[in-house]
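Have a look at work.txt; it's compact mmCIF, C-alpha atoms:
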# COMPACT_ATOMS: atom_id res chain seq x y z
CA MET A 1 -8.66 -36.08 7.33
CA LYS A 2 -5.66 -34.38 5.76
CA ILE A 3 -2.76 -33.39 8.03
CA PHE A 4 -0.84 -30.34 6.79
CA ASN A 5 2.46 -29.53 8.49
CA ILE A 6 3.65 -25.94 8.73
CA GLY A 7 6.96 -24.32 9.57
CA ILE A 8 6.81 -20.70 10.73
CA ILE A 9 9.91 -18.54 10.32
CA GLY A 10 9.52 -15.25 12.20
CA LEU A 11 7.40 -14.78 15.31
CA GLY A 12 7.08 -11.01 15.37
CA THR A 13 3.73 -9.24 15.51
CA VAL A 14 2.24 -11.14 12.56
CA GLY A 15 4.05 -14.43 13.13
CA SER A 16 2.90 -14.57 16.75
CA GLY A 17 -0.63 -13.84 15.58
CA VAL A 18 -0.45 -16.70 13.07
CA TYR A 19 0.87 -19.13 15.69
CA LYS A 20 -1.85 -18.25 18.21
CA GLN A 21 -4.61 -18.20 15.61
CA ILE A 22 -3.79 -21.67 14.28
CA LYS A 23 -3.62 -23.06 17.82
CA LYS A 24 -6.88 -21.40 18.77
CA LYS A 25 -8.83 -22.12 15.57
CA ALA A 26 -7.44 -25.51 14.52
CA SER A 27 -10.64 -27.37 15.42
CA LEU A 28 -12.83 -24.81 13.63
CA ILE A 29 -10.66 -25.06 10.50
CA LYS A 30 -10.77 -28.88 10.64
CA HIS A 31 -14.55 -28.81 11.02
CA ARG A 32 -14.98 -26.47 8.04
CA THR A 33 -12.35 -27.93 5.69
CA GLY A 34 -11.44 -31.43 6.88
CA ILE A 35 -7.81 -30.26 7.15
CA SER A 36 -5.77 -30.55 10.31
CA LEU A 37 -3.22 -27.75 10.41
CA ARG A 38 -0.20 -28.71 12.48
CA ILE A 39 2.63 -26.35 13.42
CA LYS A 40 5.60 -28.69 13.26
CA ALA A 41 8.40 -26.17 13.79
CA VAL A 42 9.00 -22.49 14.52
CA CYS A 43 12.10 -20.31 14.48
CA ASP A 44 12.84 -16.77 15.62
CA LYS A 45 16.09 -15.03 16.59
CA ASN A 46 14.32 -13.58 19.65
CA VAL A 47 14.19 -16.67 21.86
CA ARG A 48 12.15 -14.83 24.52
CA ILE A 49 9.12 -14.85 22.25
CA TYR A 50 8.71 -18.61 22.63
CA ARG A 51 7.73 -18.39 26.28
CA LYS A 52 5.67 -15.25 25.71
CA ILE A 53 3.29 -16.91 23.22
CA GLY A 54 3.47 -20.43 24.66
CA VAL A 55 5.53 -22.31 22.06
CA SER A 56 6.25 -25.89 23.12
CA ARG A 57 9.87 -27.08 23.22
CA GLY A 58 9.19 -29.71 20.59
CA GLU A 59 8.25 -27.05 18.07
CA ILE A 60 11.40 -24.92 18.46
CA VAL A 61 14.36 -25.24 16.10
CA SER A 62 17.60 -23.25 16.28
CA SER A 63 17.92 -22.43 12.57
CA TYR A 64 15.44 -21.79 9.79
CA ASN A 65 17.48 -24.21 7.68
CA ASP A 66 16.21 -27.01 9.95
CA ILE A 67 12.67 -26.10 8.86
CA LEU A 68 13.63 -25.87 5.19
CA ARG A 69 15.26 -29.30 5.23
CA ASP A 70 12.54 -31.11 7.16
CA PRO A 71 10.88 -33.48 4.62
CA ASN A 72 7.70 -33.65 6.71
CA ILE A 73 6.95 -29.92 6.48
CA HIS A 74 4.66 -29.05 3.59
CA CYS A 75 4.53 -25.25 3.80
CA ILE A 76 6.89 -22.48 4.93
CA VAL A 77 5.32 -19.37 6.45
CA GLU A 78 7.89 -16.58 6.01
CA LEU A 79 7.20 -13.59 8.27
CA ILE A 80 10.60 -12.10 9.06
CA GLY A 81 10.23 -9.01 6.84
CA GLY A 82 13.06 -7.32 4.96
CA THR A 83 14.30 -8.56 1.60
CA LYS A 84 17.73 -10.20 1.63
CA VAL A 85 17.27 -13.02 4.17
CA ALA A 86 13.59 -13.45 3.31
CA LYS A 87 14.45 -13.93 -0.36
CA ASP A 88 17.06 -16.55 0.55
CA ILE A 89 14.52 -18.42 2.68
CA ILE A 90 11.87 -18.45 -0.04
CA LEU A 91 14.22 -19.55 -2.83
CA LYS A 92 15.61 -22.34 -0.63
CA ALA A 93 12.07 -23.40 0.27
CA PHE A 94 11.24 -23.84 -3.43
CA LYS A 95 14.41 -25.88 -3.97
CA HIS A 96 13.44 -28.15 -1.06
CA GLY A 97 10.02 -28.72 -2.65
CA LYS A 98 8.02 -26.57 -0.25
CA ASP A 99 5.31 -24.03 -0.90
CA VAL A 100 5.43 -20.59 0.73
CA VAL A 101 3.04 -18.17 2.37
CA THR A 102 4.33 -14.65 3.00
CA ALA A 103 3.15 -11.18 3.94
CA ASN A 104 6.32 -9.56 2.59
CA LYS A 105 5.16 -6.75 0.28
CA ALA A 106 8.63 -5.16 0.02
CA LEU A 107 10.14 -8.41 -1.22
CA LEU A 108 7.35 -9.06 -3.72
CA ALA A 109 7.42 -5.51 -5.09
CA GLU A 110 11.20 -5.21 -5.37
CA GLU A 111 12.26 -8.81 -6.08
CA GLY A 112 9.05 -10.31 -7.42
CA LYS A 113 10.47 -11.20 -10.82
CA SER A 114 13.15 -13.53 -9.42
CA ILE A 115 10.79 -14.93 -6.77
CA PHE A 116 8.04 -15.87 -9.22
CA THR A 117 10.52 -17.11 -11.83
CA ALA A 118 11.83 -19.53 -9.21
CA ALA A 119 8.28 -20.59 -8.29
CA HIS A 120 7.65 -21.52 -11.93
CA LYS A 121 11.00 -23.30 -12.22
CA PHE A 122 10.41 -25.53 -9.20
CA LYS A 123 6.64 -25.78 -9.77
CA ARG A 124 5.87 -24.46 -6.32
CA GLN A 125 3.28 -22.06 -4.98
CA ILE A 126 3.69 -18.73 -3.23
CA PHE A 127 0.60 -17.13 -1.69
CA PHE A 128 0.63 -13.59 -0.34
CA GLU A 129 -2.87 -12.40 0.56
CA ALA A 130 -1.57 -10.63 3.68
CA SER A 131 0.90 -8.49 1.70
CA VAL A 132 -1.76 -5.88 0.83
CA GLY A 133 -4.56 -4.69 3.08
CA SER A 134 -3.91 -7.12 5.92
CA GLY A 135 -7.12 -9.16 6.28
CA ILE A 136 -8.87 -7.56 3.29
CA PRO A 137 -9.21 -10.31 0.62
CA ILE A 138 -8.06 -8.13 -2.28
CA ILE A 139 -5.52 -10.60 -3.75
CA LYS A 140 -8.11 -13.36 -4.01
CA GLY A 141 -10.60 -10.79 -5.25
CA LEU A 142 -8.37 -9.82 -8.17
CA THR A 143 -7.10 -13.30 -9.03
CA GLU A 144 -10.26 -15.34 -8.46
CA SER A 145 -13.56 -13.49 -8.05
CA LEU A 146 -12.78 -10.89 -10.74
CA VAL A 147 -10.87 -13.17 -13.10
CA SER A 148 -13.19 -12.36 -16.04
CA ASN A 149 -12.98 -8.60 -15.47
CA ARG A 150 -10.62 -6.04 -16.92
CA VAL A 151 -9.61 -3.64 -14.16
CA ASN A 152 -9.13 -0.13 -15.50
CA THR A 153 -8.44 1.86 -12.32
CA ILE A 154 -7.36 1.25 -8.74
CA LEU A 155 -7.74 4.04 -6.19
CA SER A 156 -6.60 2.88 -2.79
CA ILE A 157 -5.88 3.92 0.77
CA ILE A 158 -3.48 1.18 1.83
CA ASN A 159 -1.41 2.63 4.64
CA GLY A 160 -3.20 2.85 7.98
CA THR A 161 -0.55 5.08 9.56
CA CYS A 162 -0.96 7.84 6.99
CA ASN A 163 -4.73 7.55 6.96
CA TYR A 164 -4.83 7.84 10.75
CA ILE A 165 -2.60 10.93 10.68
CA LEU A 166 -4.65 12.64 7.96
CA THR A 167 -7.88 11.78 9.81
CA LYS A 168 -6.56 13.44 12.97
CA MET A 169 -5.43 16.47 10.99
CA THR A 170 -8.88 16.73 9.40
CA LYS A 171 -11.22 15.93 12.30
CA ASP A 172 -9.21 17.13 15.30
CA LYS A 173 -7.37 20.00 13.55
CA MET A 174 -3.96 18.64 14.62
CA ASP A 175 -0.81 19.58 12.79
CA PHE A 176 1.24 16.83 11.16
CA ARG A 177 3.76 16.36 13.99
CA GLU A 178 1.09 16.16 16.66
CA ALA A 179 -0.92 13.61 14.67
CA LEU A 180 2.20 11.54 14.00
CA SER A 181 3.05 11.53 17.71
CA MET A 182 -0.44 10.26 18.54
CA ALA A 183 -0.13 7.55 15.87
CA GLN A 184 3.12 6.42 17.50
CA GLN A 185 1.51 6.37 20.94
CA ARG A 186 -1.32 4.21 19.60
CA GLY A 187 1.09 1.80 17.95
CA TYR A 188 0.03 2.78 14.42
CA ALA A 189 3.44 4.25 13.58
CA GLU A 190 6.99 3.07 14.22
CA ALA A 191 9.59 5.11 16.10
CA ASN A 192 11.10 5.75 12.65
CA PRO A 193 7.94 6.24 10.55
CA SER A 194 9.58 7.18 7.24
CA PHE A 195 8.64 3.91 5.51
CA ASP A 196 4.97 4.81 6.01
CA ILE A 197 4.83 8.61 5.87
CA ASP A 198 7.10 8.82 2.81
CA GLY A 199 4.71 6.57 0.87
CA ILE A 200 7.13 3.65 0.39
CA ASP A 201 4.84 1.08 2.04
CA SER A 202 1.95 2.17 -0.19
CA ALA A 203 4.20 2.05 -3.26
CA HIS A 204 5.13 -1.58 -2.53
CA LYS A 205 1.47 -2.52 -2.20
CA ILE A 206 0.21 -0.71 -5.31
CA THR A 207 3.01 -2.32 -7.33
CA ILE A 208 1.65 -5.75 -6.38
CA LEU A 209 -1.96 -4.75 -7.08
CA ALA A 210 -1.10 -3.19 -10.45
CA GLU A 211 0.75 -6.31 -11.56
CA LEU A 212 -2.21 -8.51 -10.66
CA ALA A 213 -4.79 -6.14 -12.17
CA PHE A 214 -3.00 -5.35 -15.43
CA GLY A 215 -1.03 -8.55 -16.02
CA ARG A 216 2.28 -6.75 -16.52
CA ARG A 217 5.49 -6.69 -14.49
CA ILE A 218 5.88 -3.29 -12.85
CA ASN A 219 9.34 -1.94 -12.07
CA PHE A 220 9.01 -0.68 -8.50
CA ARG A 221 11.75 1.89 -9.10
CA GLU A 222 9.57 3.59 -11.72
CA VAL A 223 6.67 4.14 -9.31
CA SER A 224 6.34 7.83 -8.39
CA CYS A 225 6.15 8.12 -4.62
CA GLU A 226 5.27 11.16 -2.52
CA GLY A 227 4.43 11.09 1.18
CA ILE A 228 2.40 13.28 3.53
CA SER A 229 5.03 15.05 5.65
CA LYS A 230 4.65 18.31 3.68
CA ILE A 231 0.88 18.51 4.24
CA LYS A 232 0.05 21.49 6.46
CA GLN A 233 -3.02 22.05 8.59
CA GLY A 234 -3.79 24.99 6.29
CA ASP A 235 -3.97 22.65 3.30
CA ILE A 236 -6.51 20.49 5.14
CA VAL A 237 -8.63 23.57 5.94
CA PHE A 238 -8.48 25.03 2.43
CA ALA A 239 -9.35 21.66 0.89
CA GLU A 240 -12.37 21.42 3.20
CA GLN A 241 -13.55 24.89 2.18
CA LEU A 242 -13.34 23.84 -1.45
CA GLY A 243 -15.34 20.65 -0.83
CA TYR A 244 -12.45 18.19 -0.65
CA VAL A 245 -10.57 16.02 1.82
CA VAL A 246 -6.88 15.10 1.66
CA LYS A 247 -5.95 11.40 1.47
CA LEU A 248 -2.77 9.53 0.61
CA LEU A 249 -3.81 7.56 -2.47
CA ALA A 250 -2.02 4.70 -4.18
CA ILE A 251 -3.23 4.90 -7.77
CA ALA A 252 -2.96 2.57 -10.75
CA LYS A 253 -4.64 3.29 -14.07
CA LYS A 254 -4.63 1.59 -17.45
CA THR A 255 -5.04 4.27 -20.10
CA ALA A 256 -4.73 4.43 -23.88
CA GLU A 257 -1.35 6.14 -23.39
CA GLY A 258 0.01 3.53 -20.99
CA ILE A 259 -0.06 2.40 -17.37
CA GLU A 260 0.12 4.85 -14.45
CA VAL A 261 1.28 3.72 -11.03
CA ARG A 262 1.86 6.37 -8.33
CA VAL A 263 1.48 7.26 -4.66
CA GLN A 264 0.63 10.84 -3.67
CA PRO A 265 -1.42 13.05 -1.38
CA THR A 266 -4.66 13.67 -3.24
CA LEU A 267 -7.73 15.87 -2.94
CA LEU A 268 -10.95 13.84 -3.10
CA PRO A 269 -14.47 15.33 -3.25
CA LYS A 270 -16.23 14.95 0.10
CA ASN A 271 -18.86 12.70 -1.50
CA HIS A 272 -16.28 10.29 -2.93
CA ILE A 273 -16.57 6.83 -1.40
CA LEU A 274 -12.91 6.90 -0.27
CA ALA A 275 -13.27 10.32 1.38
CA ASN A 276 -14.99 8.69 4.35
CA VAL A 277 -12.38 5.97 4.96
CA ASN A 278 -10.91 7.15 8.25
CA ASP A 279 -8.48 6.28 11.04
CA SER A 280 -6.35 3.19 10.37
CA TYR A 281 -8.83 1.58 7.96
CA ASN A 282 -7.81 0.67 4.42
CA ALA A 283 -9.90 0.60 1.26
CA ILE A 284 -9.26 -0.46 -2.33
CA TYR A 285 -11.66 0.92 -4.94
CA LEU A 286 -11.68 -0.92 -8.27
CA MET A 287 -13.21 0.21 -11.55
CA CYS A 288 -13.87 -2.85 -13.75
CA ASP A 289 -15.59 -3.50 -17.07
CA GLU A 290 -18.08 -6.19 -15.97
CA VAL A 291 -18.88 -5.60 -12.30
CA GLU A 292 -18.23 -1.85 -12.68
CA ASN A 293 -17.13 -0.38 -9.32
CA MET A 294 -16.21 -2.36 -6.20
CA LEU A 295 -14.88 -1.40 -2.76
CA PHE A 296 -12.77 -3.66 -0.53
CA TYR A 297 -12.68 -2.21 2.99
CA GLY A 298 -11.34 -3.19 6.40
CA ARG A 299 -8.53 -2.97 8.92
CA GLY A 300 -5.31 -2.53 6.99
CA ALA A 301 -2.90 -3.66 9.69
CA GLY A 302 -2.64 -5.49 12.99
CA SER A 303 -1.62 -8.89 14.22
CA GLN A 304 -5.00 -10.64 14.03
CA PRO A 305 -6.33 -9.34 10.68
CA THR A 306 -2.99 -10.02 8.98
CA ALA A 307 -2.70 -13.44 10.62
CA SER A 308 -6.20 -14.24 9.36
CA ALA A 309 -5.05 -13.68 5.76
CA VAL A 310 -1.92 -15.80 6.30
CA VAL A 311 -3.93 -18.69 7.75
CA SER A 312 -6.38 -18.44 4.85
CA ASP A 313 -3.48 -18.87 2.41
CA VAL A 314 -2.15 -21.86 4.37
CA VAL A 315 -5.57 -23.53 4.17
CA ASP A 316 -5.76 -22.81 0.43
CA LEU A 317 -2.43 -24.55 -0.06
CA ALA A 318 -3.55 -27.50 2.02
CA ARG A 319 -6.71 -27.84 -0.09
CA MET A 320 -4.79 -28.07 -3.35
CA THR A 321 -4.69 -31.51 -4.99
CA SER A 322 -2.05 -32.92 -7.29
CA VAL A 323 -4.36 -32.10 -10.23
CA MET A 324 -4.10 -28.42 -9.29
CA ARG A 325 -0.33 -28.57 -8.84
CA GLU A 326 0.35 -26.64 -12.04
CA ARG A 327 -1.81 -23.73 -10.93
CA ILE A 328 0.46 -20.78 -10.21
CA LEU A 329 -1.23 -17.83 -8.55
CA PHE A 330 1.10 -15.30 -10.08
CA PRO A 331 1.44 -15.94 -13.85
CA LYS A 332 4.47 -15.16 -15.97
CA LEU A 333 4.32 -11.47 -16.74
CA GLU A 334 5.87 -9.29 -19.40
CA ASP A 335 7.82 -6.29 -18.19
CA VAL A 336 6.25 -2.91 -18.87
CA HIS A 337 7.43 0.66 -18.40
CA ILE A 338 4.89 2.79 -16.61
CA LYS A 339 4.05 6.32 -17.70
CA ASN A 340 6.41 9.03 -16.57
CA MET A 341 4.83 11.39 -14.06
CA SER A 342 5.38 14.31 -16.44
CA SER A 343 2.70 12.90 -18.76
CA ILE A 344 0.04 12.47 -16.06
CA LEU A 345 -3.15 14.47 -16.68
CA SER A 346 -4.85 15.85 -13.56
CA ARG A 347 -6.44 18.79 -11.82
CA TYR A 348 -4.30 20.43 -9.14
CA TYR A 349 -4.45 22.22 -5.81
CA LEU A 350 -1.74 24.89 -5.55
CA ARG A 351 -0.90 26.78 -2.38
CA PHE A 352 1.54 29.68 -2.30
CA TYR A 353 2.58 32.07 0.46
CA VAL A 354 2.62 35.50 -1.19
CA ILE A 355 3.26 39.09 -0.17
CA ASP A 356 -0.16 40.73 0.07
CA LYS A 357 -0.02 43.57 -2.47
CA PRO A 358 -1.73 44.45 -5.76
CA GLY A 359 -0.85 42.48 -8.90
CA VAL A 360 0.37 39.28 -7.25
CA LEU A 361 -2.47 37.08 -8.52
CA SER A 362 -2.03 38.56 -11.98
CA LYS A 363 1.69 37.65 -12.05
CA ILE A 364 0.98 34.08 -10.96
CA SER A 365 -1.92 33.58 -13.36
CA ASN A 366 0.18 34.89 -16.25
CA ILE A 367 2.90 32.32 -15.59
CA LEU A 368 0.32 29.54 -15.27
CA GLY A 369 -1.31 30.65 -18.53
CA LYS A 370 2.00 30.59 -20.39
CA HIS A 371 2.34 26.93 -19.43
CA ASN A 372 -1.22 25.95 -20.41
CA VAL A 373 -2.57 25.91 -16.85
CA SER A 374 -5.97 27.52 -16.29
CA ILE A 375 -7.44 28.41 -12.90
CA SER A 376 -10.86 27.16 -11.77
CA ASP A 377 -11.03 28.46 -8.16
CA VAL A 378 -9.19 30.95 -5.96
CA ILE A 379 -9.11 31.38 -2.17
CA GLN A 380 -7.36 34.31 -0.49
CA GLN A 381 -9.23 35.05 2.71
CA GLU A 382 -6.59 36.64 4.91
CA ARG A 383 -5.50 40.24 4.36
CA ARG A 384 -2.23 41.44 5.85
CA VAL A 385 -0.93 44.15 3.56
CA GLY A 386 2.80 43.80 3.02
CA ARG A 387 2.90 40.45 4.88
CA ALA A 388 2.93 36.86 3.57
CA VAL A 389 -0.52 35.27 3.23
CA PRO A 390 -1.69 31.96 1.72
CA LEU A 391 -3.06 31.99 -1.81
CA VAL A 392 -4.84 28.80 -2.91
CA LEU A 393 -5.67 27.96 -6.52
CA LEU A 394 -7.44 25.02 -8.12
CA THR A 395 -6.69 24.33 -11.75
CA HIS A 396 -8.48 22.69 -14.63
CA GLU A 397 -6.95 19.50 -16.06
CA THR A 398 -3.40 19.86 -17.30
CA TYR A 399 -0.23 17.81 -17.59
CA GLU A 400 2.10 17.31 -14.66
CA LYS A 401 5.03 18.71 -16.64
CA ASN A 402 3.12 21.99 -17.18
CA ILE A 403 2.45 22.35 -13.45
CA GLN A 404 6.00 21.56 -12.39
CA VAL A 405 7.58 24.08 -14.78
CA ALA A 406 5.01 26.74 -13.92
CA VAL A 407 5.45 26.33 -10.15
CA ARG A 408 9.24 26.45 -10.46
CA ASN A 409 8.95 29.77 -12.29
CA ILE A 410 6.39 31.12 -9.82
CA ASP A 411 8.67 30.24 -6.91
CA LYS A 412 11.30 32.55 -8.43
CA LEU A 413 9.04 35.57 -8.00
CA SER A 414 10.11 37.97 -5.27
CA VAL A 415 6.55 37.99 -3.87
CA ILE A 416 6.65 34.25 -3.08
CA LYS A 417 7.68 33.24 0.44
CA GLY A 418 8.13 29.78 1.93
CA HIS A 419 7.46 26.44 0.25
CA SER A 420 4.73 26.09 -2.36
CA GLN A 421 2.38 23.13 -2.26
CA VAL A 422 1.18 20.98 -5.19
CA ILE A 423 -1.49 18.29 -4.60
CA ARG A 424 -3.29 16.35 -7.34
CA ILE A 425 -7.09 16.06 -7.41
CA GLU A 426 -9.01 12.88 -8.21
CA GLU A 427 -12.66 13.37 -9.11

Structure translated into structure tokens:
Amino acid sequence: MKIFNIGIIGLGTVGSGVYKQIKKKASLIKHRTGISLRIKAVCDKNVRIYRKIGVSRGEIVSSYNDILRDPNIHCIVELIGGTKVAKDIILKAFKHGKDVVTANKALLAEEGKSIFTAAHKFKRQIFFEASVGSGIPIIKGLTESLVSNRVNTILSIINGTCNYILTKMTKDKMDFREALSMAQQRGYAEANPSFDIDGIDSAHKITILAELAFGRRINFREVSCEGISKIKQGDIVFAEQLGYVVKLLAIAKKTAEGIEVRVQPTLLPKNHILANVNDSYNAIYLMCDEVENMLFYGRGAGSQPTASAVVSDVVDLARMTSVMRERILFPKLEDVHIKNMSSILSRYYLRFYVIDKPGVLSKISNILGKHNVSISDVIQQERRVGRAVPLVLLTHETYEKNIQVAVRNIDKLSVIKGHSQVIRIEE
């Protein structure tokens, strides 16, 4: 029997889940793998958590440096979140000859280059299955099960907060603020939800997935990121009438012109497999050359699902032999610049508030035509002569730069009132 000693730094929602899961499932893991996982030390700045989850006095240390320096600890589980202190912990762990398991998507997306360079330098491992999709095994899927496949496209719903809000707006006809309030009441959204609703969380995750799928280092700062706070109930209704649903998609594509990585509200046809991913569930849809299309689906957040992925990584590390020591999950990658959003080719949903009078549609269509944008569908159901009414247009494929210039010019028209809406369409 192999004894594998663990030090856990951070006992928040996920860390507490990891602690309890290892204690509860240690015998099951030993039966299945022959490995005895032992939590040797834990550390958290909130000392009240120790009593709450039943940590024994012998496991508690006052500083995470005590865990890093302990020669009997094989693996550090970093679950404090943030970037600055977490990065310091991980780099010190490598220097002390310890492997790392983390769920820190922000750190990996923003500081991944220095983290993985250090892992190579010290010949250590860093596993991070829980960083994307919680308990969904997408990291192992990309790096192990699909190792002989070229991934061409990733379409993903990887933020449960936004998906829950959009589901409530679609099914229960709530407006954005009402749906957000309900998400906060249910514990799906933080008191300050900007990290989720502005798309930043999804951008961190798609950066990691794109790097694994395409084998290139993605600069997180180049990832175009747009959230859902500008989505109106009217947009949900108009999309439904046109045969679409609105989802926040994290998209990565490898095209002949370069790599696209972006996060944006998107119209999906109602029969698209991702259109029916609802509430706080996540899904990652891959288009590959050998296995063709695959869907990874499950709970995208929560203490237990995320803890399950962390424990799985710990067991993987424990299973590794000295022969496998040179295996690095995240290979050395070349930097690559992703395509600028202006060169993205897409269909578009456009919504304007216009003064209801003759000739308005003609003025708008003329401006769109001058910028190589052609209209495929029009909805203008309300009639209030002389008052502002919504006008919804769907376009044929065109470049993002054409749409942006055209909409800016349309917004200058005296007949346009309020804020115009631009949403991309994925077929």

Taking 4 positions as the minimum chain separation for residues in the same chain, which residues sit within 10 Å of stretch 387-403 of chain A when counting all atoms listed in the file? Answer as a ChimeraX atom specification.
/A:234-235,238-239,242,340-357,360-361,365,368-383,407-409,415-418,420-425

Can you write out the residues you just picked, keeping C-alpha atoms, as a short mmCIF file (atom, residue, chain, number, x, y, z; two decimals), keeping the file's coordinate frame?
data_model
loop_
_atom_site.label_atom_id
_atom_site.label_comp_id
_atom_site.auth_asym_id
_atom_site.auth_seq_id
_atom_site.Cartn_x
_atom_site.Cartn_y
_atom_site.Cartn_z
CA GLY A 234 -3.79 24.99 6.29
CA ASP A 235 -3.97 22.65 3.30
CA PHE A 238 -8.48 25.03 2.43
CA ALA A 239 -9.35 21.66 0.89
CA LEU A 242 -13.34 23.84 -1.45
CA ASN A 340 6.41 9.03 -16.57
CA MET A 341 4.83 11.39 -14.06
CA SER A 342 5.38 14.31 -16.44
CA SER A 343 2.70 12.90 -18.76
CA ILE A 344 0.04 12.47 -16.06
CA LEU A 345 -3.15 14.47 -16.68
CA SER A 346 -4.85 15.85 -13.56
CA ARG A 347 -6.44 18.79 -11.82
CA TYR A 348 -4.30 20.43 -9.14
CA TYR A 349 -4.45 22.22 -5.81
CA LEU A 350 -1.74 24.89 -5.55
CA ARG A 351 -0.90 26.78 -2.38
CA PHE A 352 1.54 29.68 -2.30
CA TYR A 353 2.58 32.07 0.46
CA VAL A 354 2.62 35.50 -1.19
CA ILE A 355 3.26 39.09 -0.17
CA ASP A 356 -0.16 40.73 0.07
CA LYS A 357 -0.02 43.57 -2.47
CA VAL A 360 0.37 39.28 -7.25
CA LEU A 361 -2.47 37.08 -8.52
CA SER A 365 -1.92 33.58 -13.36
CA LEU A 368 0.32 29.54 -15.27
CA GLY A 369 -1.31 30.65 -18.53
CA LYS A 370 2.00 30.59 -20.39
CA HIS A 371 2.34 26.93 -19.43
CA ASN A 372 -1.22 25.95 -20.41
CA VAL A 373 -2.57 25.91 -16.85
CA SER A 374 -5.97 27.52 -16.29
CA ILE A 375 -7.44 28.41 -12.90
CA SER A 376 -10.86 27.16 -11.77
CA ASP A 377 -11.03 28.46 -8.16
CA VAL A 378 -9.19 30.95 -5.96
CA ILE A 379 -9.11 31.38 -2.17
CA GLN A 380 -7.36 34.31 -0.49
CA GLN A 381 -9.23 35.05 2.71
CA GLU A 382 -6.59 36.64 4.91
CA ARG A 383 -5.50 40.24 4.36
CA VAL A 407 5.45 26.33 -10.15
CA ARG A 408 9.24 26.45 -10.46
CA ASN A 409 8.95 29.77 -12.29
CA VAL A 415 6.55 37.99 -3.87
CA ILE A 416 6.65 34.25 -3.08
CA LYS A 417 7.68 33.24 0.44
CA GLY A 418 8.13 29.78 1.93
CA SER A 420 4.73 26.09 -2.36
CA GLN A 421 2.38 23.13 -2.26
CA VAL A 422 1.18 20.98 -5.19
CA ILE A 423 -1.49 18.29 -4.60
CA ARG A 424 -3.29 16.35 -7.34
CA ILE A 425 -7.09 16.06 -7.41
#

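Note that atom CA of A:Glu129 and atom CA of A:Arg69 are 25.2 Å apart.
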
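Between atom CA of A:Lys205 and atom CA of A:Ile251 the separation is 10.4 Å.
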
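Here atom CA of A:His96 stands at a distance of 20.2 Å from atom CA of A:Leu108.
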
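Proximity ranking of A:Ile67, A:Ala118, A:Cys162, A:Ile29 relative to A:Val311 places A:Ile29 first, based on all atoms listed in the file.
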
Would you pick out the contacts of A:Arg221 at 12 Å or less, using all atoms listed in the file, so that residues sharing its chain but fewer than 4 positions from it are not included, and give the list as a PyMOL selection string?
chain A and resi 106+109-111+200+203-204+207+217+225+261-262+337-338+340

Determine, counting all atoms listed in the file, which protein, DNA and RNA residues have an atom within 12 Å of an atom of A:Leu79; residues of the same chain fewer than 3 positions away are not included. Present the result as an MDAnalysis selection string.
chainID A and resid 7:19 42:44 64 76 82:83 85:87 89:90 100:107 128 130:131 303 306:307 310

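Of the residues under consideration (A:Lys232, A:Lys412, A:Lys52, A:Arg150), A:Lys232 shows the shortest atom-to-atom contact distance to A:Glu178 when counting all atoms listed in the file.
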
With all atoms listed in the file as the counted atoms, please give the residues lying no more than 9 Å from A:Cys288, apart from itself and same-chain residues fewer than 2 positions off, as a list in words.
Leu146, Asn149, Arg150, Val151, Asn152, Thr153, Leu286, Glu290, Val291, Glu292, Asn293 and Met294 of chain A

I'd like the contact shell of stretch 243-245 of chain A - 9 Å cut-off, only C-alpha atoms, skipping same-chain residues fewer than 5 positions apart - returned as a PDB file with C-alpha atoms, in the coordinates of the input.
ATOM      1  CA  THR A 170      -8.880  16.730   9.400  1.00  0.00           C
ATOM      2  CA  ILE A 236      -6.510  20.490   5.140  1.00  0.00           C
ATOM      3  CA  VAL A 237      -8.630  23.570   5.940  1.00  0.00           C
ATOM      4  CA  PHE A 238      -8.480  25.030   2.430  1.00  0.00           C
ATOM      5  CA  THR A 266      -4.660  13.670  -3.240  1.00  0.00           C
ATOM      6  CA  LEU A 267      -7.730  15.870  -2.940  1.00  0.00           C
ATOM      7  CA  LEU A 268     -10.950  13.840  -3.100  1.00  0.00           C
ATOM      8  CA  PRO A 269     -14.470  15.330  -3.250  1.00  0.00           C
ATOM      9  CA  LYS A 270     -16.230  14.950   0.100  1.00  0.00           C
ATOM     10  CA  ASN A 271     -18.860  12.700  -1.500  1.00  0.00           C
ATOM     11  CA  ALA A 275     -13.270  10.320   1.380  1.00  0.00           C
ATOM     12  CA  ASN A 276     -14.990   8.690   4.350  1.00  0.00           C
ATOM     13  CA  ILE A 425      -7.090  16.060  -7.410  1.00  0.00           C
TER      14      ILE A 425
END

Closest of A:Gly97, A:Gly215, A:Pro305, A:Gly160 to A:Leu249 - atom-to-atom distances counting all atoms listed in the file
A:Gly160

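Nearest-residue note for A:Ile73: choosing from A:Ala213, A:Ile6, A:Val314, A:Leu142, the minimum distance belongs to A:Ile6, counting only C-alpha atoms.
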
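Of the listed residues (A:Ile3, A:Ala41, A:Ala183, A:Ile126), A:Ala183 comes nearest to A:Met169; the distances count only C-alpha atoms.
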